[in-house]
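Dumped run-v8.cif below, it's mmCIF, C-alpha atoms and all ligand atoms:
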```
data_start
loop_
_atom_site.label_atom_id
_atom_site.label_comp_id
_atom_site.auth_asym_id
_atom_site.auth_seq_id
_atom_site.Cartn_x
_atom_site.Cartn_y
_atom_site.Cartn_z
CA MET A 5 87.84 55.80 42.95
CA SER A 6 86.62 52.60 44.60
CA GLY A 7 87.99 50.92 47.73
CA PRO A 8 87.87 52.32 51.25
CA LEU A 9 88.22 56.08 51.74
CA LEU A 10 90.69 55.49 54.56
CA GLU A 11 92.86 52.46 55.11
CA LEU A 12 95.42 51.68 57.80
CA GLU A 13 97.57 48.65 57.13
CA GLY A 14 100.00 47.26 59.69
CA VAL A 15 100.35 50.62 61.44
CA HIS A 16 102.79 50.82 64.33
CA THR A 17 103.08 54.04 66.32
CA HIS A 18 105.66 54.84 68.96
CA ILE A 19 105.31 57.75 71.36
CA GLY A 20 108.83 58.41 72.56
CA ALA A 21 110.09 55.12 73.93
CA TYR A 22 106.60 53.61 74.14
CA HIS A 23 105.29 51.27 71.46
CA ILE A 24 101.55 52.08 71.41
CA LEU A 25 100.05 50.78 68.14
CA HIS A 26 101.05 47.22 67.22
CA GLY A 27 99.99 46.76 63.61
CA VAL A 28 96.58 48.42 63.20
CA ASP A 29 94.52 47.24 60.21
CA LEU A 30 91.46 49.42 59.72
CA GLN A 31 89.27 50.27 56.77
CA VAL A 32 86.76 53.11 56.67
CA ALA A 33 84.24 52.71 53.85
CA ARG A 34 83.12 55.69 51.79
CA GLY A 35 79.94 57.41 52.91
CA GLU A 36 79.57 55.25 56.00
CA LEU A 37 79.96 55.80 59.72
CA THR A 38 82.53 53.49 61.26
CA VAL A 39 82.77 53.27 65.04
CA LEU A 40 86.08 52.50 66.70
CA LEU A 41 85.29 50.94 70.08
CA GLY A 42 87.57 49.82 72.85
CA ARG A 43 88.33 50.27 76.50
CA ASN A 44 90.38 53.09 77.97
CA GLY A 45 94.01 52.88 76.87
CA ALA A 46 93.28 50.59 73.88
CA GLY A 47 94.92 53.03 71.44
CA LYS A 48 91.88 54.76 69.87
CA THR A 49 93.08 58.34 70.31
CA THR A 50 96.57 57.37 69.17
CA THR A 51 95.00 55.91 66.02
CA LEU A 52 93.18 59.18 65.23
CA ARG A 53 96.32 61.23 65.96
CA THR A 54 98.33 58.96 63.67
CA ILE A 55 95.78 59.45 60.85
CA MET A 56 96.03 63.24 61.33
CA GLY A 57 99.85 63.16 61.27
CA LEU A 58 100.07 64.36 64.88
CA TRP A 59 102.06 61.18 65.50
CA HIS A 60 103.81 59.48 62.64
CA ALA A 61 103.60 55.74 62.13
CA SER A 62 106.95 53.98 62.58
CA ALA A 63 105.81 51.22 60.21
CA GLY A 64 102.83 50.42 57.99
CA HIS A 65 100.61 52.44 55.68
CA VAL A 66 97.97 55.13 56.07
CA ARG A 67 96.11 55.66 52.81
CA PHE A 68 93.45 58.26 52.07
CA ASP A 69 91.58 57.83 48.82
CA GLY A 70 94.23 55.35 47.77
CA GLN A 71 97.11 57.75 48.39
CA GLU A 72 99.79 57.27 51.06
CA ILE A 73 99.53 60.08 53.64
CA GLY A 74 101.59 58.54 56.45
CA ALA A 75 104.56 60.86 55.95
CA GLN A 76 102.54 64.06 55.39
CA SER A 77 102.20 66.95 57.82
CA THR A 78 98.99 67.69 59.70
CA PRO A 79 98.17 70.82 57.61
CA GLU A 80 98.65 68.83 54.40
CA ILE A 81 96.35 66.09 55.71
CA ALA A 82 93.73 68.63 56.83
CA ARG A 83 93.80 70.26 53.37
CA LYS A 84 92.64 66.96 51.87
CA GLY A 85 89.32 67.54 53.63
CA ILE A 86 89.95 65.56 56.81
CA ALA A 87 88.70 67.19 60.01
CA TYR A 88 89.49 66.06 63.55
CA VAL A 89 87.47 66.73 66.69
CA PRO A 90 89.88 65.83 69.50
CA GLU A 91 88.87 64.47 72.89
CA ASN A 92 89.54 67.84 74.55
CA MET A 93 87.43 69.49 71.78
CA GLY A 94 90.06 72.10 70.87
CA ILE A 95 87.76 75.11 71.18
CA PHE A 96 88.87 78.56 72.33
CA ALA A 97 87.15 79.32 75.64
CA ASP A 98 87.91 83.06 75.59
CA LEU A 99 86.51 83.57 72.09
CA THR A 100 82.82 83.74 71.21
CA VAL A 101 81.03 80.93 69.41
CA ARG A 102 81.07 83.17 66.34
CA GLU A 103 84.84 83.73 66.55
CA ASN A 104 85.42 80.01 67.06
CA MET A 105 83.43 79.29 63.90
CA ILE A 106 85.24 81.96 61.86
CA LEU A 107 88.62 80.49 62.83
CA ALA A 108 87.43 77.04 61.79
CA ALA A 109 86.29 78.19 58.34
CA ARG A 110 89.43 78.32 56.24
CA GLY A 111 89.84 81.66 54.59
CA ALA A 112 86.93 83.37 56.36
CA LYS A 113 87.89 86.65 58.03
CA ASN A 114 84.42 87.41 59.37
CA ALA A 115 81.08 85.66 59.79
CA GLU A 116 79.79 87.03 56.46
CA GLU A 117 82.46 85.05 54.65
CA ILE A 118 81.23 81.75 56.06
CA ASP A 119 78.91 80.15 53.51
CA ALA A 120 75.48 81.32 54.71
CA LYS A 121 73.59 78.21 53.67
CA ARG A 122 76.14 75.99 55.33
CA LEU A 123 75.92 78.03 58.52
CA GLU A 124 72.11 77.78 58.56
CA TRP A 125 72.47 74.03 58.18
CA VAL A 126 74.92 73.90 61.11
CA PHE A 127 72.46 75.96 63.18
CA SER A 128 69.68 73.52 62.28
CA LEU A 129 71.82 70.68 63.65
CA PHE A 130 72.90 72.61 66.74
CA PRO A 131 70.38 75.41 67.53
CA ALA A 132 72.35 76.33 70.66
CA MET A 133 75.15 77.64 68.42
CA LYS A 134 72.80 80.27 67.00
CA LYS A 135 71.42 81.13 70.42
CA PHE A 136 74.89 81.60 71.97
CA TRP A 137 76.55 83.03 68.83
CA GLN A 138 77.95 86.07 70.66
CA HIS A 139 78.76 84.28 73.93
CA PRO A 140 82.25 83.21 74.99
CA ALA A 141 82.62 79.49 74.33
CA GLY A 142 83.91 79.00 77.87
CA LEU A 143 80.43 79.79 79.21
CA LEU A 144 78.73 76.98 77.26
CA SER A 145 77.68 73.76 78.98
CA GLY A 146 79.73 70.61 78.40
CA GLY A 147 77.26 69.39 75.77
CA GLN A 148 77.20 72.74 73.99
CA LYS A 149 81.00 72.83 73.92
CA GLN A 150 81.00 69.39 72.33
CA MET A 151 78.44 70.60 69.78
CA LEU A 152 80.61 73.64 69.01
CA ALA A 153 83.59 71.34 68.48
CA VAL A 154 81.62 69.27 65.94
CA ALA A 155 80.10 72.44 64.39
CA ARG A 156 83.61 73.83 63.81
CA ALA A 157 84.65 70.62 62.08
CA ILE A 158 81.69 70.74 59.66
CA VAL A 159 81.49 74.49 58.98
CA GLU A 160 82.91 73.52 55.58
CA PRO A 161 82.12 70.29 53.73
CA ARG A 162 84.64 67.57 54.61
CA HIS A 163 85.39 64.22 53.06
CA LEU A 164 86.30 62.56 56.34
CA LEU A 165 85.45 63.48 59.90
CA LEU A 166 87.36 61.97 62.84
CA VAL A 167 85.58 62.44 66.16
CA ASP A 168 86.98 61.35 69.52
CA GLU A 169 84.36 60.35 72.13
CA PRO A 170 81.69 63.00 71.47
CA SER A 171 79.37 61.49 74.12
CA LYS A 172 81.94 61.63 76.91
CA GLY A 173 80.57 63.21 80.08
CA LEU A 174 77.25 64.20 78.48
CA ALA A 175 73.81 63.77 80.09
CA PRO A 176 71.47 61.28 78.35
CA ALA A 177 69.20 63.99 76.88
CA ILE A 178 72.20 65.76 75.35
CA ILE A 179 73.49 62.44 74.00
CA GLN A 180 70.16 62.06 72.15
CA ASN A 181 70.67 65.52 70.58
CA MET A 182 74.15 64.48 69.53
CA ILE A 183 72.83 61.26 67.98
CA ALA A 184 70.21 63.26 66.03
CA ALA A 185 72.91 65.62 64.73
CA PHE A 186 75.16 62.75 63.62
CA ARG A 187 72.20 61.07 61.89
CA GLU A 188 71.63 64.28 59.96
CA LEU A 189 75.33 64.48 59.14
CA LYS A 190 75.18 60.92 57.81
CA GLN A 191 72.69 62.11 55.20
CA THR A 192 75.49 64.16 53.63
CA ASP A 193 78.34 62.43 51.83
CA THR A 194 80.74 62.91 54.75
CA THR A 195 82.48 59.71 55.82
CA ILE A 196 82.83 59.47 59.60
CA LEU A 197 85.20 57.61 61.92
CA LEU A 198 83.80 57.89 65.44
CA VAL A 199 85.72 56.80 68.52
CA GLU A 200 83.49 55.73 71.39
CA GLN A 201 83.42 53.84 74.66
CA ASN A 202 79.65 54.18 74.98
CA PHE A 203 78.26 51.19 73.07
CA ASN A 204 74.68 52.34 73.45
CA PHE A 205 75.56 55.59 71.64
CA ALA A 206 77.72 53.82 69.07
CA ARG A 207 75.14 51.17 68.14
CA GLN A 208 72.60 53.84 67.20
CA LEU A 209 74.91 55.42 64.64
CA GLY A 210 77.40 52.88 63.37
CA ASP A 211 77.26 51.20 59.98
CA GLN A 212 80.56 49.41 60.57
CA VAL A 213 82.44 48.76 63.78
CA ALA A 214 86.03 48.00 64.67
CA VAL A 215 87.07 47.01 68.17
CA MET A 216 90.51 47.83 69.45
CA ASP A 217 92.51 46.32 72.29
CA GLY A 218 96.17 46.56 73.19
CA GLY A 219 97.04 48.66 70.15
CA ARG A 220 95.45 46.29 67.61
CA ILE A 221 92.08 45.84 65.90
CA VAL A 222 90.64 42.66 67.41
CA HIS A 223 87.30 42.63 65.54
CA SER A 224 85.72 44.35 62.58
CA GLY A 225 82.36 43.90 60.92
CA THR A 226 78.94 45.49 60.63
CA MET A 227 77.39 47.20 63.64
CA ALA A 228 74.16 45.28 62.96
CA ALA A 229 75.94 41.95 63.46
CA LEU A 230 77.62 43.06 66.70
CA ALA A 231 74.41 44.68 68.01
CA GLU A 232 72.49 41.40 67.81
CA ASP A 233 75.26 39.14 69.12
CA GLU A 234 75.36 39.52 72.89
CA ALA A 235 77.98 36.82 73.34
CA LEU A 236 80.31 38.66 70.96
CA GLN A 237 79.64 41.95 72.74
CA GLN A 238 80.47 40.32 76.05
CA ARG A 239 83.66 38.82 74.70
CA LEU A 240 84.85 42.00 72.98
CA LEU A 241 83.59 44.71 75.25
CA GLY A 242 83.11 42.87 78.55
CA LEU A 243 82.07 44.83 81.55
CA SER A 244 82.72 48.25 80.02
CA LEU A 245 79.58 47.68 77.96
CA GLY A 246 77.24 47.06 80.90
CA ALA A 247 78.43 50.25 82.58
CA HIS A 248 76.77 52.37 79.90
CA GLN A 249 73.36 50.76 79.75
N1 LIG B 301 101.74 61.09 75.16
C1 LIG B 301 101.83 59.82 75.59
N2 LIG B 301 102.97 59.35 76.15
C2 LIG B 301 103.07 58.08 76.57
N3 LIG B 301 102.09 57.17 76.47
C3 LIG B 301 100.94 57.57 75.93
C4 LIG B 301 100.73 58.91 75.46
N4 LIG B 301 99.48 59.00 74.95
C5 LIG B 301 98.93 57.79 75.13
N5 LIG B 301 99.78 56.93 75.71
C6 LIG B 301 99.53 55.53 76.06
O1 LIG B 301 99.11 54.86 74.90
C7 LIG B 301 98.08 53.93 75.19
C8 LIG B 301 96.90 54.21 74.31
O2 LIG B 301 96.38 55.49 74.63
P1 LIG B 301 95.17 56.14 73.84
O3 LIG B 301 95.44 56.06 72.39
O4 LIG B 301 94.94 57.49 74.43
O5 LIG B 301 93.98 55.15 74.23
P2 LIG B 301 92.39 55.34 74.15
O6 LIG B 301 92.11 56.57 73.38
O7 LIG B 301 91.88 54.10 73.52
O8 LIG B 301 91.93 55.45 75.58
C9 LIG B 301 97.80 54.06 76.70
O9 LIG B 301 98.51 53.04 77.37
C10 LIG B 301 98.38 55.41 77.04
O10 LIG B 301 98.82 55.44 78.36
MG MG B 302 91.13 58.30 73.90
#
```

Target format structure tokens, applied to this file:
Amino acid sequence: MSGPLLELEGVHTHIGAYHILHGVDLQVARGELTVLLGRNGAGKTTTLRTIMGLWHASAGHVRFDGQEIGAQSTPEIARKGIAYVPENMGIFADLTVRENMILAARGAKNAEEIDAKRLEWVFSLFPAMKKFWQHPAGLLSGGQKQMLAVARAIVEPRHLLLVDEPSKGLAPAIIQNMIAAFRELKQTDTTILLVEQNFNFARQLGDQVAVMDGGRIVHSGTMAALAEDEALQQRLLGLSLGAHQ
């Protein structure tokens, strides 16, 4: 199948009485990492939740692999091989790292049932997960919790990974670890849609970029073109950009 792996066309989303997305047009190319940038409140999280079926679009189309998924339930969407790492990470603080990983692997009842090679690969991306395997997730540092959240999403091969602000609140050294892990992940055939506010993080990973404001996509193109055009950065991202450099 050719064409984008994921396509939103004219998507409107209402949350209760509030009209949040105002006709989002977004394409996520196969095998690439697309960054969705935009200031706080632009509608990035709402876009990811709409893709996952956690909110339903009131108008427009959400297509995955050419198929309309806008009316499907979240479990149906997840079964297509779409994983979502939410902003709050969605990990279970009282359970161990091991138990968190078992719950994330569909069908696994114990650690032995998780594909061993896959698990070794996840450990190679995030060595702290191996080190703290038997520790309650609640005792991990903020960066390690974020790594566990991503590790859970990739414990099985996925076609599409949606990740909401993985660099949020992390120290610079940890952000570098996260960048290295995403670079490694990009070597697989997983397509990634990454929401970010940190342009410095985003520019090191993105193939494509879309910029959101006021519930719409206001720019899309290659990350390389945006990275070398300071005037465009200033116009699209304004002061929020400088704050992260
Ligand atoms: N549950 C909700 N109820 C009402 N308004 C919401 C809710 N969630 C988000 N919003 C509003 O929708 C807009 C977009 O939010 P969001 O998608 O979280 O933005 P971003 O992730 O880009 O910061 C904001 O104005 C926010 O206040
Ligand atoms: Mg958000």

Report task. All residues within 9 Å of ligand LIG 301 (chain B) are required, counting only C-alpha atoms and all ligand atoms; please report them as JSON, numbers by chain. Result -> {"A": [18, 19, 20, 21, 22, 23, 24, 25, 41, 42, 43, 44, 45, 46, 47, 48, 49, 50, 51, 52, 53, 91, 168, 169, 199, 200, 201, 216, 217, 218, 219]}

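Distance-wise, CA of Phe203 in chain A and CA of Leu174 in chain A end up 14.1 Å apart.
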
Query - Polymer residues at most 8 Å from Val159 in chain A, only C-alpha atoms, same-chain spacing of 3 or more positions, as an MDAnalysis selection string - result: chainID A and resid 105 108:109 118 122:123 126 155:156

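Separating CA of Phe68 in chain A from CA of Glu11 in chain A is a distance of 6.6 Å.
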
Report task. Please provide as a ChimeraX atom specification all residues within 12 Å of Ala184 in chain A, with the sequence filter that same-chain residues fewer than 5 positions apart are discarded (counting all atoms listed in the file). Result -> /A:128-130,151,177-179,189-191,205,208-209

Axis-aligned box over every listed atom of range 136-140 of chain A, padded by 4 Å per side: centre and edges in Å to one decimal, as AutoDock Vina command-line options?
```
--center_x 78.6 --center_y 83.8 --center_z 71.9 --size_x 15.4 --size_y 12.5 --size_z 14.2
```

Query raised in the report: Mind pulling up the distance from CA of Val89 in chain A to CA of Val154 in chain A?
Result: 6.4 Å

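Proximity ranking of A:Pro90, A:Pro161, A:Gly146, A:Gly210 relative to ligand MG 302 (chain B) places A:Pro90 first, based on only C-alpha atoms and all ligand atoms.
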
Requested in this report: Write out as a PyMOL selection string which residues come within 7 Å of Met133 in chain A when counting all atoms listed in the file, dropping same-chain ones fewer than 6 positions away.
Outcome: chain A and resi 101+127+152

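Comparing the minimum interatomic distances between ligand MG 302 (chain B) and each of A:Val66, A:Val167, A:Ala112, A:Ala175, counting all atoms listed in the file, we find that A:Val167 sits nearest.
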
**Report entry** Thr100 in chain A environment, 9 Å, only C-alpha atoms, sequence neighbours closer than 5 positions dropped, as a VMD selection string
**Finding:** chain A and resid 105 136 to 142

Query raised in the report: Smallest atom-to-atom distance to Ile86 in chain A: which of A:Met56, A:Ile221, A:Leu37, A:Leu107, using all atoms listed in the file?
Result: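 The shortest atom-to-atom distance to Ile86 in chain A comes from A:Met56.
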
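Shortest separation to Arg102 in chain A among A:Arg220, A:Lys135, A:Arg207, A:His26 occurs at residue A:Lys135, atoms counted being all atoms listed in the file.
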
Query - Neighbours of point (94.7, 68.4, 60.9) within 7 Å, using only C-alpha atoms, written as a list of chain:residue names - result: A:Met56, A:Thr78, A:Pro79, A:Ile81, A:Ala82, A:Ile86, A:Ala87, A:Tyr88

**Report entry** From A:Leu40, A:Ala33, A:Ala120, A:Leu241, residue lying nearest ligand MG 302 (chain B) [all atoms listed in the file]
**Finding:**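 Distance minimum relative to ligand MG 302 (chain B) lands on A:Leu40.
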